[in-house]
>>> print(open('target-v4.pdb').read())   # PDB, C-alpha atoms and all ligand atoms
ATOM      1  CA  GLU A 297     188.458 224.779 162.238  1.00  0.00           C
ATOM      2  CA  VAL A 298     185.280 223.223 160.936  1.00  0.00           C
ATOM      3  CA  GLN A 299     184.756 223.784 157.229  1.00  0.00           C
ATOM      4  CA  ALA A 300     181.825 221.612 156.274  1.00  0.00           C
ATOM      5  CA  ILE A 301     178.825 219.733 157.548  1.00  0.00           C
ATOM      6  CA  LEU A 302     177.655 216.553 155.835  1.00  0.00           C
ATOM      7  CA  PHE A 303     174.077 215.539 156.520  1.00  0.00           C
ATOM      8  CA  ASP A 304     172.466 212.161 156.271  1.00  0.00           C
ATOM      9  CA  LEU A 305     169.017 212.518 154.686  1.00  0.00           C
ATOM     10  CA  ASP A 306     166.627 209.824 155.922  1.00  0.00           C
ATOM     11  CA  GLY A 307     166.157 210.301 159.647  1.00  0.00           C
ATOM     12  CA  VAL A 308     168.087 213.570 159.922  1.00  0.00           C
ATOM     13  CA  ILE A 309     166.591 216.031 157.429  1.00  0.00           C
ATOM     14  CA  THR A 310     163.208 214.323 157.328  1.00  0.00           C
ATOM     15  CA  ASP A 311     161.625 211.199 158.738  1.00  0.00           C
ATOM     16  CA  THR A 312     161.587 209.057 155.613  1.00  0.00           C
ATOM     17  CA  ALA A 313     162.999 206.360 157.919  1.00  0.00           C
ATOM     18  CA  GLU A 314     159.394 205.778 158.994  1.00  0.00           C
ATOM     19  CA  TYR A 315     158.220 205.286 155.379  1.00  0.00           C
ATOM     20  CA  HIS A 316     161.115 202.900 154.674  1.00  0.00           C
ATOM     21  CA  TYR A 317     160.037 200.933 157.739  1.00  0.00           C
ATOM     22  CA  LEU A 318     156.368 200.801 156.750  1.00  0.00           C
ATOM     23  CA  ALA A 319     157.183 199.730 153.192  1.00  0.00           C
ATOM     24  CA  TRP A 320     159.580 196.983 154.345  1.00  0.00           C
ATOM     25  CA  LYS A 321     157.096 195.812 156.979  1.00  0.00           C
ATOM     26  CA  LYS A 322     154.406 195.392 154.322  1.00  0.00           C
ATOM     27  CA  LEU A 323     156.712 193.522 151.956  1.00  0.00           C
ATOM     28  CA  ALA A 324     158.084 191.307 154.743  1.00  0.00           C
ATOM     29  CA  ARG A 325     154.591 190.411 155.912  1.00  0.00           C
ATOM     30  CA  GLU A 326     153.724 189.222 152.398  1.00  0.00           C
ATOM     31  CA  LEU A 327     156.694 186.852 152.728  1.00  0.00           C
ATOM     32  CA  GLY A 328     155.541 185.649 156.145  1.00  0.00           C
ATOM     33  CA  ILE A 329     158.194 187.628 158.026  1.00  0.00           C
ATOM     34  CA  GLU A 330     157.244 190.005 160.849  1.00  0.00           C
ATOM     35  CA  ILE A 331     159.642 192.866 161.555  1.00  0.00           C
ATOM     36  CA  ASP A 332     159.392 195.424 164.361  1.00  0.00           C
ATOM     37  CA  ARG A 333     160.962 198.791 165.114  1.00  0.00           C
ATOM     38  CA  THR A 334     163.824 197.279 167.090  1.00  0.00           C
ATOM     39  CA  PHE A 335     164.820 195.116 164.122  1.00  0.00           C
ATOM     40  CA  ASN A 336     164.347 198.141 161.849  1.00  0.00           C
ATOM     41  CA  GLU A 337     167.248 199.949 163.548  1.00  0.00           C
ATOM     42  CA  GLN A 338     169.554 197.573 161.651  1.00  0.00           C
ATOM     43  CA  LEU A 339     168.098 198.708 158.330  1.00  0.00           C
ATOM     44  CA  LYS A 340     168.709 202.411 158.827  1.00  0.00           C
ATOM     45  CA  GLY A 341     171.356 203.765 156.479  1.00  0.00           C
ATOM     46  CA  VAL A 342     171.718 200.353 154.825  1.00  0.00           C
ATOM     47  CA  SER A 343     171.236 200.032 151.033  1.00  0.00           C
ATOM     48  CA  ARG A 344     168.014 198.709 149.549  1.00  0.00           C
ATOM     49  CA  ILE A 345     169.299 195.287 148.547  1.00  0.00           C
ATOM     50  CA  ASP A 346     171.280 194.796 151.784  1.00  0.00           C
ATOM     51  CA  SER A 347     168.149 195.709 153.748  1.00  0.00           C
ATOM     52  CA  LEU A 348     166.167 193.046 151.896  1.00  0.00           C
ATOM     53  CA  GLU A 349     168.840 190.437 152.585  1.00  0.00           C
ATOM     54  CA  LYS A 350     168.856 191.295 156.286  1.00  0.00           C
ATOM     55  CA  ILE A 351     165.075 190.836 156.381  1.00  0.00           C
ATOM     56  CA  LEU A 352     165.224 187.519 154.521  1.00  0.00           C
ATOM     57  CA  ALA A 353     168.013 186.273 156.793  1.00  0.00           C
ATOM     58  CA  TYR A 354     165.979 187.320 159.843  1.00  0.00           C
ATOM     59  CA  GLY A 355     163.046 185.242 158.532  1.00  0.00           C
ATOM     60  CA  ASN A 356     165.342 182.318 157.626  1.00  0.00           C
ATOM     61  CA  ARG A 357     164.375 182.703 153.971  1.00  0.00           C
ATOM     62  CA  LEU A 358     167.612 183.978 152.460  1.00  0.00           C
ATOM     63  CA  GLN A 359     168.120 180.788 150.414  1.00  0.00           C
ATOM     64  CA  ASP A 360     164.572 180.776 149.017  1.00  0.00           C
ATOM     65  CA  PHE A 361     165.072 183.461 146.355  1.00  0.00           C
ATOM     66  CA  THR A 362     167.249 183.900 143.293  1.00  0.00           C
ATOM     67  CA  ARG A 363     169.058 187.130 142.579  1.00  0.00           C
ATOM     68  CA  GLU A 364     166.375 188.139 140.076  1.00  0.00           C
ATOM     69  CA  GLU A 365     163.609 187.413 142.565  1.00  0.00           C
ATOM     70  CA  LYS A 366     165.378 189.502 145.189  1.00  0.00           C
ATOM     71  CA  GLU A 367     165.704 192.370 142.742  1.00  0.00           C
ATOM     72  CA  ALA A 368     161.982 192.138 142.010  1.00  0.00           C
ATOM     73  CA  LEU A 369     161.186 192.213 145.733  1.00  0.00           C
ATOM     74  CA  ALA A 370     163.437 195.226 146.262  1.00  0.00           C
ATOM     75  CA  ASN A 371     161.701 196.981 143.362  1.00  0.00           C
ATOM     76  CA  LYS A 372     158.327 196.206 144.847  1.00  0.00           C
ATOM     77  CA  LYS A 373     159.353 197.792 148.140  1.00  0.00           C
ATOM     78  CA  ASN A 374     160.636 200.831 146.276  1.00  0.00           C
ATOM     79  CA  GLU A 375     157.326 201.273 144.447  1.00  0.00           C
ATOM     80  CA  LEU A 376     155.482 201.180 147.782  1.00  0.00           C
ATOM     81  CA  TYR A 377     157.986 203.652 149.205  1.00  0.00           C
ATOM     82  CA  LYS A 378     157.779 206.034 146.248  1.00  0.00           C
ATOM     83  CA  LYS A 379     154.000 206.143 146.604  1.00  0.00           C
ATOM     84  CA  MET A 380     154.308 206.967 150.314  1.00  0.00           C
ATOM     85  CA  ILE A 381     156.790 209.802 149.832  1.00  0.00           C
ATOM     86  CA  THR A 382     154.617 211.711 147.351  1.00  0.00           C
ATOM     87  CA  ASN A 383     152.972 213.065 150.513  1.00  0.00           C
ATOM     88  CA  ILE A 384     156.179 214.795 151.644  1.00  0.00           C
ATOM     89  CA  THR A 385     156.071 218.614 151.819  1.00  0.00           C
ATOM     90  CA  PRO A 386     158.368 221.257 153.358  1.00  0.00           C
ATOM     91  CA  ALA A 387     156.323 220.811 156.556  1.00  0.00           C
ATOM     92  CA  ASP A 388     158.007 217.405 156.897  1.00  0.00           C
ATOM     93  CA  LEU A 389     161.438 218.827 157.651  1.00  0.00           C
ATOM     94  CA  LEU A 390     162.359 217.498 161.091  1.00  0.00           C
ATOM     95  CA  PRO A 391     162.137 220.020 163.965  1.00  0.00           C
ATOM     96  CA  GLY A 392     164.909 222.605 164.004  1.00  0.00           C
ATOM     97  CA  ILE A 393     166.428 221.553 160.665  1.00  0.00           C
ATOM     98  CA  LYS A 394     165.449 224.664 158.726  1.00  0.00           C
ATOM     99  CA  GLU A 395     166.838 226.911 161.476  1.00  0.00           C
ATOM    100  CA  PHE A 396     170.031 224.869 161.686  1.00  0.00           C
ATOM    101  CA  LEU A 397     170.571 225.029 157.914  1.00  0.00           C
ATOM    102  CA  GLU A 398     170.137 228.813 158.072  1.00  0.00           C
ATOM    103  CA  GLU A 399     172.641 229.019 160.933  1.00  0.00           C
ATOM    104  CA  VAL A 400     175.186 226.890 159.069  1.00  0.00           C
ATOM    105  CA  LYS A 401     174.866 229.087 155.965  1.00  0.00           C
ATOM    106  CA  GLN A 402     175.264 232.250 158.071  1.00  0.00           C
ATOM    107  CA  ALA A 403     178.464 230.773 159.499  1.00  0.00           C
ATOM    108  CA  ASN A 404     179.766 230.257 155.930  1.00  0.00           C
ATOM    109  CA  LEU A 405     180.214 226.531 156.367  1.00  0.00           C
ATOM    110  CA  LYS A 406     179.948 224.268 153.349  1.00  0.00           C
ATOM    111  CA  THR A 407     177.113 221.763 153.295  1.00  0.00           C
ATOM    112  CA  GLY A 408     176.450 218.421 151.682  1.00  0.00           C
ATOM    113  CA  ILE A 409     174.068 215.485 151.738  1.00  0.00           C
ATOM    114  CA  ALA A 410     175.468 211.960 152.061  1.00  0.00           C
ATOM    115  CA  SER A 411     172.531 209.632 151.556  1.00  0.00           C
ATOM    116  CA  ALA A 412     172.440 205.893 150.912  1.00  0.00           C
ATOM    117  CA  SER A 413     169.106 206.437 149.173  1.00  0.00           C
ATOM    118  CA  LYS A 414     168.599 206.327 145.430  1.00  0.00           C
ATOM    119  CA  ASN A 415     165.542 208.497 146.059  1.00  0.00           C
ATOM    120  CA  ALA A 416     167.538 211.294 147.700  1.00  0.00           C
ATOM    121  CA  PHE A 417     167.056 213.884 144.939  1.00  0.00           C
ATOM    122  CA  ARG A 418     163.329 213.192 144.812  1.00  0.00           C
ATOM    123  CA  VAL A 419     162.971 213.642 148.596  1.00  0.00           C
ATOM    124  CA  ILE A 420     165.009 216.869 148.603  1.00  0.00           C
ATOM    125  CA  ASP A 421     162.776 218.144 145.814  1.00  0.00           C
ATOM    126  CA  TYR A 422     159.608 217.442 147.796  1.00  0.00           C
ATOM    127  CA  LEU A 423     161.129 219.186 150.826  1.00  0.00           C
ATOM    128  CA  GLN A 424     162.262 222.156 148.693  1.00  0.00           C
ATOM    129  CA  VAL A 425     165.645 222.420 150.435  1.00  0.00           C
ATOM    130  CA  GLY A 426     167.960 221.832 147.471  1.00  0.00           C
ATOM    131  CA  ASP A 427     169.345 225.378 147.697  1.00  0.00           C
ATOM    132  CA  TYR A 428     170.768 224.774 151.166  1.00  0.00           C
ATOM    133  CA  PHE A 429     173.222 222.144 149.940  1.00  0.00           C
ATOM    134  CA  ASP A 430     176.398 222.724 147.949  1.00  0.00           C
ATOM    135  CA  ILE A 431     176.613 219.067 146.943  1.00  0.00           C
ATOM    136  CA  ILE A 432     174.571 215.865 147.141  1.00  0.00           C
ATOM    137  CA  VAL A 433     176.188 212.431 147.130  1.00  0.00           C
ATOM    138  CA  ASP A 434     173.586 209.698 146.780  1.00  0.00           C
ATOM    139  CA  ALA A 435     173.732 205.917 146.464  1.00  0.00           C
ATOM    140  CA  ALA A 436     174.085 206.121 142.681  1.00  0.00           C
ATOM    141  CA  LYS A 437     177.502 207.794 143.074  1.00  0.00           C
ATOM    142  CA  VAL A 438     179.221 205.305 145.367  1.00  0.00           C
ATOM    143  CA  GLU A 439     180.280 201.691 145.123  1.00  0.00           C
ATOM    144  CA  LYS A 440     180.208 200.797 148.785  1.00  0.00           C
ATOM    145  CA  GLY A 441     177.340 201.626 151.111  1.00  0.00           C
ATOM    146  CA  LYS A 442     177.495 202.745 154.738  1.00  0.00           C
ATOM    147  CA  PRO A 443     179.226 201.663 157.062  1.00  0.00           C
ATOM    148  CA  ASP A 444     181.960 202.066 154.429  1.00  0.00           C
ATOM    149  CA  PRO A 445     183.263 205.667 154.596  1.00  0.00           C
ATOM    150  CA  GLU A 446     183.196 206.163 150.797  1.00  0.00           C
ATOM    151  CA  ILE A 447     180.074 208.338 150.674  1.00  0.00           C
ATOM    152  CA  PHE A 448     181.392 210.788 153.296  1.00  0.00           C
ATOM    153  CA  LEU A 449     184.891 210.874 151.760  1.00  0.00           C
ATOM    154  CA  LYS A 450     183.357 211.655 148.387  1.00  0.00           C
ATOM    155  CA  GLY A 451     181.274 214.438 149.907  1.00  0.00           C
ATOM    156  CA  ALA A 452     184.365 216.091 151.424  1.00  0.00           C
ATOM    157  CA  ASP A 453     186.314 215.667 148.162  1.00  0.00           C
ATOM    158  CA  GLN A 454     183.543 217.341 146.197  1.00  0.00           C
ATOM    159  CA  LEU A 455     183.493 220.222 148.670  1.00  0.00           C
ATOM    160  CA  GLY A 456     187.291 220.453 148.517  1.00  0.00           C
ATOM    161  CA  VAL A 457     187.838 220.217 152.286  1.00  0.00           C
ATOM    162  CA  ASP A 458     189.991 218.015 154.533  1.00  0.00           C
ATOM    163  CA  TYR A 459     188.213 215.074 156.132  1.00  0.00           C
ATOM    164  CA  CYS A 460     189.189 216.159 159.647  1.00  0.00           C
ATOM    165  CA  THR A 461     187.438 219.520 159.144  1.00  0.00           C
ATOM    166  CA  CYS A 462     184.091 217.850 158.456  1.00  0.00           C
ATOM    167  CA  ILE A 463     181.231 217.113 160.785  1.00  0.00           C
ATOM    168  CA  GLY A 464     178.856 214.301 159.807  1.00  0.00           C
ATOM    169  CA  ILE A 465     175.319 214.045 161.186  1.00  0.00           C
ATOM    170  CA  GLU A 466     173.583 210.645 161.245  1.00  0.00           C
ATOM    171  CA  ASP A 467     170.666 208.776 162.811  1.00  0.00           C
ATOM    172  CA  ALA A 468     171.952 205.270 162.016  1.00  0.00           C
ATOM    173  CA  ALA A 469     174.658 203.095 163.552  1.00  0.00           C
ATOM    174  CA  ALA A 470     175.963 202.202 160.069  1.00  0.00           C
ATOM    175  CA  GLY A 471     176.206 205.918 159.267  1.00  0.00           C
ATOM    176  CA  ILE A 472     178.094 206.826 162.436  1.00  0.00           C
ATOM    177  CA  LYS A 473     180.571 204.047 161.627  1.00  0.00           C
ATOM    178  CA  ALA A 474     181.009 205.481 158.125  1.00  0.00           C
ATOM    179  CA  ILE A 475     181.664 209.002 159.478  1.00  0.00           C
ATOM    180  CA  LYS A 476     184.195 207.779 162.054  1.00  0.00           C
ATOM    181  CA  SER A 477     186.023 205.632 159.475  1.00  0.00           C
ATOM    182  CA  ALA A 478     186.231 208.729 157.266  1.00  0.00           C
ATOM    183  CA  GLY A 479     188.133 210.474 160.070  1.00  0.00           C
ATOM    184  CA  MET A 480     185.354 212.979 160.707  1.00  0.00           C
ATOM    185  CA  PHE A 481     183.531 214.215 163.790  1.00  0.00           C
ATOM    186  CA  ALA A 482     180.244 212.342 164.251  1.00  0.00           C
ATOM    187  CA  VAL A 483     177.002 213.748 165.595  1.00  0.00           C
ATOM    188  CA  GLY A 484     174.386 211.089 166.343  1.00  0.00           C
ATOM    189  CA  ILE A 485     170.677 211.857 166.431  1.00  0.00           C
ATOM    190  CA  GLY A 486     168.769 209.267 168.402  1.00  0.00           C
ATOM    191  CA  SER A 487     169.393 206.543 170.920  1.00  0.00           C
ATOM    192  CA  ARG A 488     172.444 206.517 173.160  1.00  0.00           C
ATOM    193  CA  THR A 489     172.765 202.737 172.968  1.00  0.00           C
ATOM    194  CA  GLU A 490     172.372 202.438 169.173  1.00  0.00           C
ATOM    195  CA  LEU A 491     174.745 205.312 168.372  1.00  0.00           C
ATOM    196  CA  LYS A 492     177.391 204.901 171.063  1.00  0.00           C
ATOM    197  CA  GLU A 493     180.291 205.375 168.629  1.00  0.00           C
ATOM    198  CA  ALA A 494     179.272 208.980 167.879  1.00  0.00           C
ATOM    199  CA  ASP A 495     181.337 211.857 169.322  1.00  0.00           C
ATOM    200  CA  ILE A 496     178.185 213.503 170.610  1.00  0.00           C
ATOM    201  CA  ILE A 497     174.626 212.213 170.703  1.00  0.00           C
ATOM    202  CA  LEU A 498     171.558 214.448 170.620  1.00  0.00           C
ATOM    203  CA  SER A 499     168.117 213.050 171.276  1.00  0.00           C
ATOM    204  CA  SER A 500     166.417 215.186 168.602  1.00  0.00           C
ATOM    205  CA  THR A 501     167.182 217.393 165.602  1.00  0.00           C
ATOM    206  CA  ASN A 502     165.761 220.219 167.707  1.00  0.00           C
ATOM    207  CA  GLU A 503     169.019 220.239 169.665  1.00  0.00           C
ATOM    208  CA  LEU A 504     171.142 220.838 166.563  1.00  0.00           C
ATOM    209  CA  THR A 505     172.865 224.216 166.921  1.00  0.00           C
ATOM    210  CA  LEU A 506     176.468 225.213 166.281  1.00  0.00           C
ATOM    211  CA  GLU A 507     176.630 226.201 169.925  1.00  0.00           C
ATOM    212  CA  THR A 508     176.038 222.599 171.041  1.00  0.00           C
ATOM    213  CA  ILE A 509     178.272 220.952 168.427  1.00  0.00           C
ATOM    214  CA  LEU A 510     181.322 223.189 167.985  1.00  0.00           C
ATOM    215  CA  PRO A 511     182.651 223.110 171.563  1.00  0.00           C
ATOM    216  CA  ALA A 512     182.597 219.287 171.434  1.00  0.00           C
ATOM    217  CA  TYR A 513     184.395 219.317 168.063  1.00  0.00           C
ATOM    218  CA  LYS A 514     187.180 221.493 169.434  1.00  0.00           C
ATOM    219  CA  ASN A 515     187.942 219.210 172.375  1.00  0.00           C
TER
HETATM  220  P1  LIG B   1     166.530 203.662 148.754  1.00  0.00           P
HETATM  221  P2  LIG B   1     170.059 207.620 154.373  1.00  0.00           P
HETATM  222  C1  LIG B   1     169.038 205.269 153.556  1.00  0.00           C
HETATM  223  O1  LIG B   1     169.098 206.669 153.483  1.00  0.00           O
HETATM  224  C2  LIG B   1     167.979 204.789 154.530  1.00  0.00           C
HETATM  225  O2  LIG B   1     168.328 205.117 155.851  1.00  0.00           O
HETATM  226  C3  LIG B   1     167.828 203.285 154.430  1.00  0.00           C
HETATM  227  O3  LIG B   1     166.819 202.859 155.305  1.00  0.00           O
HETATM  228  C4  LIG B   1     167.478 202.916 152.983  1.00  0.00           C
HETATM  229  O4  LIG B   1     167.338 201.515 152.836  1.00  0.00           O
HETATM  230  C5  LIG B   1     168.583 203.430 152.073  1.00  0.00           C
HETATM  231  O5  LIG B   1     168.699 204.841 152.235  1.00  0.00           O
HETATM  232  C6  LIG B   1     168.309 203.109 150.618  1.00  0.00           C
HETATM  233  O6  LIG B   1     167.223 203.858 150.175  1.00  0.00           O
HETATM  234  O7  LIG B   1     165.798 202.354 148.782  1.00  0.00           O
HETATM  235  O8  LIG B   1     165.608 204.858 148.670  1.00  0.00           O
HETATM  236  O9  LIG B   1     167.619 203.693 147.713  1.00  0.00           O
HETATM  237  O10 LIG B   1     169.648 207.440 155.799  1.00  0.00           O
HETATM  238  O11 LIG B   1     171.487 207.212 154.089  1.00  0.00           O
HETATM  239  O12 LIG B   1     169.723 209.002 153.832  1.00  0.00           O
HETATM  240 MG    MG B   2     169.582 207.929 158.014  1.00  0.00          MG
END
>>> encode(input="target-v4.pdb", output="structure tokens", more="lines below")
Ligand code: B16
Ligand code: MG
Amino acid sequence: EVQAILFDLDGVITDTAEYHYLAWKKLARELGIEIDRTFNEQLKGVSRIDSLEKILAYGNRLQDFTREEKEALANKKNELYKKMITNITPADLLPGIKEFLEEVKQANLKTGIASASKNAFRVIDYLQVGDYFDIIVDAAKVEKGKPDPEIFLKGADQLGVDYCTCIGIEDAAAGIKAIKSAGMFAVGIGSRTELKEADIILSSTNELTLETILPAYKN
């Protein structure tokens, strides 16, 4: 029996993935590196500093910066990002999310957020959905980022449930990997080719209902 659902934040609850992309694109351009949406798929779910290193490697500039310089660049991106997300309101919940959260609560399932973002609490505040989640595990609470399973394992531990009774929902390949390595059932939101390791793939958050997920979990 399913006991808990663990949600990714960026790209599942709200489309902050777009703001991350725009902020990285701006920073990369200043460094003479052009990134596009296809490349951006590799950044989803990946920590801030790892994202920067992927961008620098892509532009063949990884060796050009010291650790301190990289930290400064990552901070710069975060300042851009924080400015962008001040515009977030409850209207920015992705389609069907509010209804799904209500349904999950009605069904007495436990809920948690497993986000690689250090801005997770801020975003949840802007969206005004804090009350829907029993626990929030953000990047500050884990040592290893996705695709390592740590963040999902920690979420289940905090909820006091077995890993195999958890369903994880993710929009990123790194996140699906993390859920599967945690021994959980993985729901992917997005592209069939990017998320092929998921147990089921839905094209939009609109399709998230217990009726679509639970039969697949039981098989
Ligand atoms: P921050 P998630 C992830 O959040 C994003 O998908 C990823 O693009 C971002 O780089 C990462 O958080 C770190 O975010 O710079 O705010 O700490 O999808 O795991 O909720
Ligand atoms: Mg995500």
>>> resolve_selection(input="target-v4.pdb", expression="the PyMOL selection byres (((chain A and resi 337) around 12) and not hetatm)", output="PDB file with C-alpha atoms, keeping the file's coordinate frame")
ATOM      1  CA  GLY A 307     166.157 210.301 159.647  1.00  0.00           C
ATOM      2  CA  ALA A 313     162.999 206.360 157.919  1.00  0.00           C
ATOM      3  CA  GLU A 314     159.394 205.778 158.994  1.00  0.00           C
ATOM      4  CA  HIS A 316     161.115 202.900 154.674  1.00  0.00           C
ATOM      5  CA  TYR A 317     160.037 200.933 157.739  1.00  0.00           C
ATOM      6  CA  ILE A 331     159.642 192.866 161.555  1.00  0.00           C
ATOM      7  CA  ASP A 332     159.392 195.424 164.361  1.00  0.00           C
ATOM      8  CA  ARG A 333     160.962 198.791 165.114  1.00  0.00           C
ATOM      9  CA  THR A 334     163.824 197.279 167.090  1.00  0.00           C
ATOM     10  CA  PHE A 335     164.820 195.116 164.122  1.00  0.00           C
ATOM     11  CA  ASN A 336     164.347 198.141 161.849  1.00  0.00           C
ATOM     12  CA  GLN A 338     169.554 197.573 161.651  1.00  0.00           C
ATOM     13  CA  LEU A 339     168.098 198.708 158.330  1.00  0.00           C
ATOM     14  CA  LYS A 340     168.709 202.411 158.827  1.00  0.00           C
ATOM     15  CA  GLY A 341     171.356 203.765 156.479  1.00  0.00           C
ATOM     16  CA  VAL A 342     171.718 200.353 154.825  1.00  0.00           C
ATOM     17  CA  SER A 347     168.149 195.709 153.748  1.00  0.00           C
ATOM     18  CA  LYS A 350     168.856 191.295 156.286  1.00  0.00           C
ATOM     19  CA  ILE A 351     165.075 190.836 156.381  1.00  0.00           C
ATOM     20  CA  ASP A 467     170.666 208.776 162.811  1.00  0.00           C
ATOM     21  CA  ALA A 468     171.952 205.270 162.016  1.00  0.00           C
ATOM     22  CA  ALA A 469     174.658 203.095 163.552  1.00  0.00           C
ATOM     23  CA  ALA A 470     175.963 202.202 160.069  1.00  0.00           C
ATOM     24  CA  GLY A 471     176.206 205.918 159.267  1.00  0.00           C
ATOM     25  CA  GLY A 486     168.769 209.267 168.402  1.00  0.00           C
ATOM     26  CA  SER A 487     169.393 206.543 170.920  1.00  0.00           C
ATOM     27  CA  THR A 489     172.765 202.737 172.968  1.00  0.00           C
ATOM     28  CA  GLU A 490     172.372 202.438 169.173  1.00  0.00           C
ATOM     29  CA  LEU A 491     174.745 205.312 168.372  1.00  0.00           C
TER      30      LEU A 491
END
>>> atom_distance(input="target-v4.pdb", atom1="CA of Cys460 (chain A)", atom2="CA of Pro445 (chain A)")
13.1 Å
>>> closest_residue(input="target-v4.pdb", among="A:Leu506, A:Asp304, A:Val298, A:Arg357", to="Leu327 (chain A)", atoms="all atoms listed in the file")
A:Arg357
>>> atom_distance(input="target-v4.pdb", atom1="CA of Lys437 (chain A)", atom2="CA of Glu493 (chain A)")
25.8 Å
>>> residues_around(input="target-v4.pdb", residues="region 405-407 of chain A", least_positions_apart="2", cutoff="8 Å", atoms="all atoms listed in the file", output="ChimeraX atom specification")
/A:298-303,400-403,409,428-431,455
>>> write_last_selection(input="target-v4.pdb", atoms="C-alpha atoms", output="mmCIF file, in the frame of the given file")
data_model
loop_
_atom_site.group_PDB
_atom_site.id
_atom_site.type_symbol
_atom_site.label_atom_id
_atom_site.label_comp_id
_atom_site.auth_asym_id
_atom_site.auth_seq_id
_atom_site.Cartn_x
_atom_site.Cartn_y
_atom_site.Cartn_z
ATOM 1 C CA VAL A 298 185.280 223.223 160.936
ATOM 2 C CA GLN A 299 184.756 223.784 157.229
ATOM 3 C CA ALA A 300 181.825 221.612 156.274
ATOM 4 C CA ILE A 301 178.825 219.733 157.548
ATOM 5 C CA LEU A 302 177.655 216.553 155.835
ATOM 6 C CA PHE A 303 174.077 215.539 156.520
ATOM 7 C CA VAL A 400 175.186 226.890 159.069
ATOM 8 C CA LYS A 401 174.866 229.087 155.965
ATOM 9 C CA GLN A 402 175.264 232.250 158.071
ATOM 10 C CA ALA A 403 178.464 230.773 159.499
ATOM 11 C CA ILE A 409 174.068 215.485 151.738
ATOM 12 C CA TYR A 428 170.768 224.774 151.166
ATOM 13 C CA PHE A 429 173.222 222.144 149.940
ATOM 14 C CA ASP A 430 176.398 222.724 147.949
ATOM 15 C CA ILE A 431 176.613 219.067 146.943
ATOM 16 C CA LEU A 455 183.493 220.222 148.670
#
>>> atom_distance(input="target-v4.pdb", atom1="CA of Tyr377 (chain A)", atom2="CA of Asp434 (chain A)")
16.9 Å
>>> closest_residue(input="target-v4.pdb", among="A:Ala482, A:Ala494, A:Ala435, A:Leu318", to="Leu376 (chain A)", atoms="only C-alpha atoms")
A:Leu318
>>> residues_around(input="target-v4.pdb", residues="region 378-395 of chain A", least_positions_apart="2", cutoff="6 Å", atoms="all atoms listed in the file", output="MDAnalysis selection string")
chainID A and resid 309:310 374:376 397:398 422:423 501:502
>>> residues_around(input="target-v4.pdb", residues="Leu498 (chain A)", least_positions_apart="2", cutoff="8 Å", atoms="only C-alpha atoms", output="PyMOL selection string")
chain A and resi 483-486+496+500-501+503-504
>>> closest_residue(input="target-v4.pdb", among="A:Asp444, A:Glu367, A:Glu507, A:Glu466", to="Asp495 (chain A)", atoms="all atoms listed in the file")
A:Glu466
>>> closest_residue(input="target-v4.pdb", among="A:Ile472, A:Ala353, A:Leu510, A:Ala412", to="ligand LIG 1 (chain B)", atoms="only C-alpha atoms and all ligand atoms")
A:Ala412
>>> build_atoms(input="target-v4.pdb", residues="region 453-464 of chain A", atoms="N, CA and C atoms", output="PDB file, keeping the file's coordinate frame")
ATOM      1  N   ASP A 453     185.522 215.421 149.384  1.00  0.00           N
ATOM      2  CA  ASP A 453     186.314 215.667 148.162  1.00  0.00           C
ATOM      3  C   ASP A 453     185.592 216.651 147.253  1.00  0.00           C
ATOM      4  N   GLN A 454     184.305 216.439 147.067  1.00  0.00           N
ATOM      5  CA  GLN A 454     183.543 217.341 146.197  1.00  0.00           C
ATOM      6  C   GLN A 454     183.497 218.761 146.738  1.00  0.00           C
ATOM      7  N   LEU A 455     183.512 218.884 148.062  1.00  0.00           N
ATOM      8  CA  LEU A 455     183.493 220.222 148.670  1.00  0.00           C
ATOM      9  C   LEU A 455     184.899 220.825 148.724  1.00  0.00           C
ATOM     10  N   GLY A 456     185.911 219.984 148.492  1.00  0.00           N
ATOM     11  CA  GLY A 456     187.291 220.453 148.517  1.00  0.00           C
ATOM     12  C   GLY A 456     187.794 220.771 149.914  1.00  0.00           C
ATOM     13  N   VAL A 457     187.383 219.984 150.905  1.00  0.00           N
ATOM     14  CA  VAL A 457     187.838 220.217 152.286  1.00  0.00           C
ATOM     15  C   VAL A 457     188.494 218.957 152.859  1.00  0.00           C
ATOM     16  N   ASP A 458     189.350 219.155 153.870  1.00  0.00           N
ATOM     17  CA  ASP A 458     189.991 218.015 154.533  1.00  0.00           C
ATOM     18  C   ASP A 458     188.966 217.242 155.367  1.00  0.00           C
ATOM     19  N   TYR A 459     189.167 215.920 155.405  1.00  0.00           N
ATOM     20  CA  TYR A 459     188.213 215.074 156.132  1.00  0.00           C
ATOM     21  C   TYR A 459     188.079 215.485 157.597  1.00  0.00           C
ATOM     22  N   CYS A 460     189.231 215.850 158.205  1.00  0.00           N
ATOM     23  CA  CYS A 460     189.189 216.159 159.647  1.00  0.00           C
ATOM     24  C   CYS A 460     188.509 217.496 159.947  1.00  0.00           C
ATOM     25  N   THR A 461     188.159 218.256 158.907  1.00  0.00           N
ATOM     26  CA  THR A 461     187.438 219.520 159.144  1.00  0.00           C
ATOM     27  C   THR A 461     185.933 219.358 158.901  1.00  0.00           C
ATOM     28  N   CYS A 462     185.509 218.101 158.733  1.00  0.00           N
ATOM     29  CA  CYS A 462     184.091 217.850 158.456  1.00  0.00           C
ATOM     30  C   CYS A 462     183.363 217.286 159.666  1.00  0.00           C
ATOM     31  N   ILE A 463     182.123 217.685 159.779  1.00  0.00           N
ATOM     32  CA  ILE A 463     181.231 217.113 160.785  1.00  0.00           C
ATOM     33  C   ILE A 463     180.150 216.342 160.028  1.00  0.00           C
ATOM     34  N   GLY A 464     179.918 215.094 160.418  1.00  0.00           N
ATOM     35  CA  GLY A 464     178.856 214.301 159.807  1.00  0.00           C
ATOM     36  C   GLY A 464     177.716 214.123 160.801  1.00  0.00           C
TER      37      GLY A 464
END
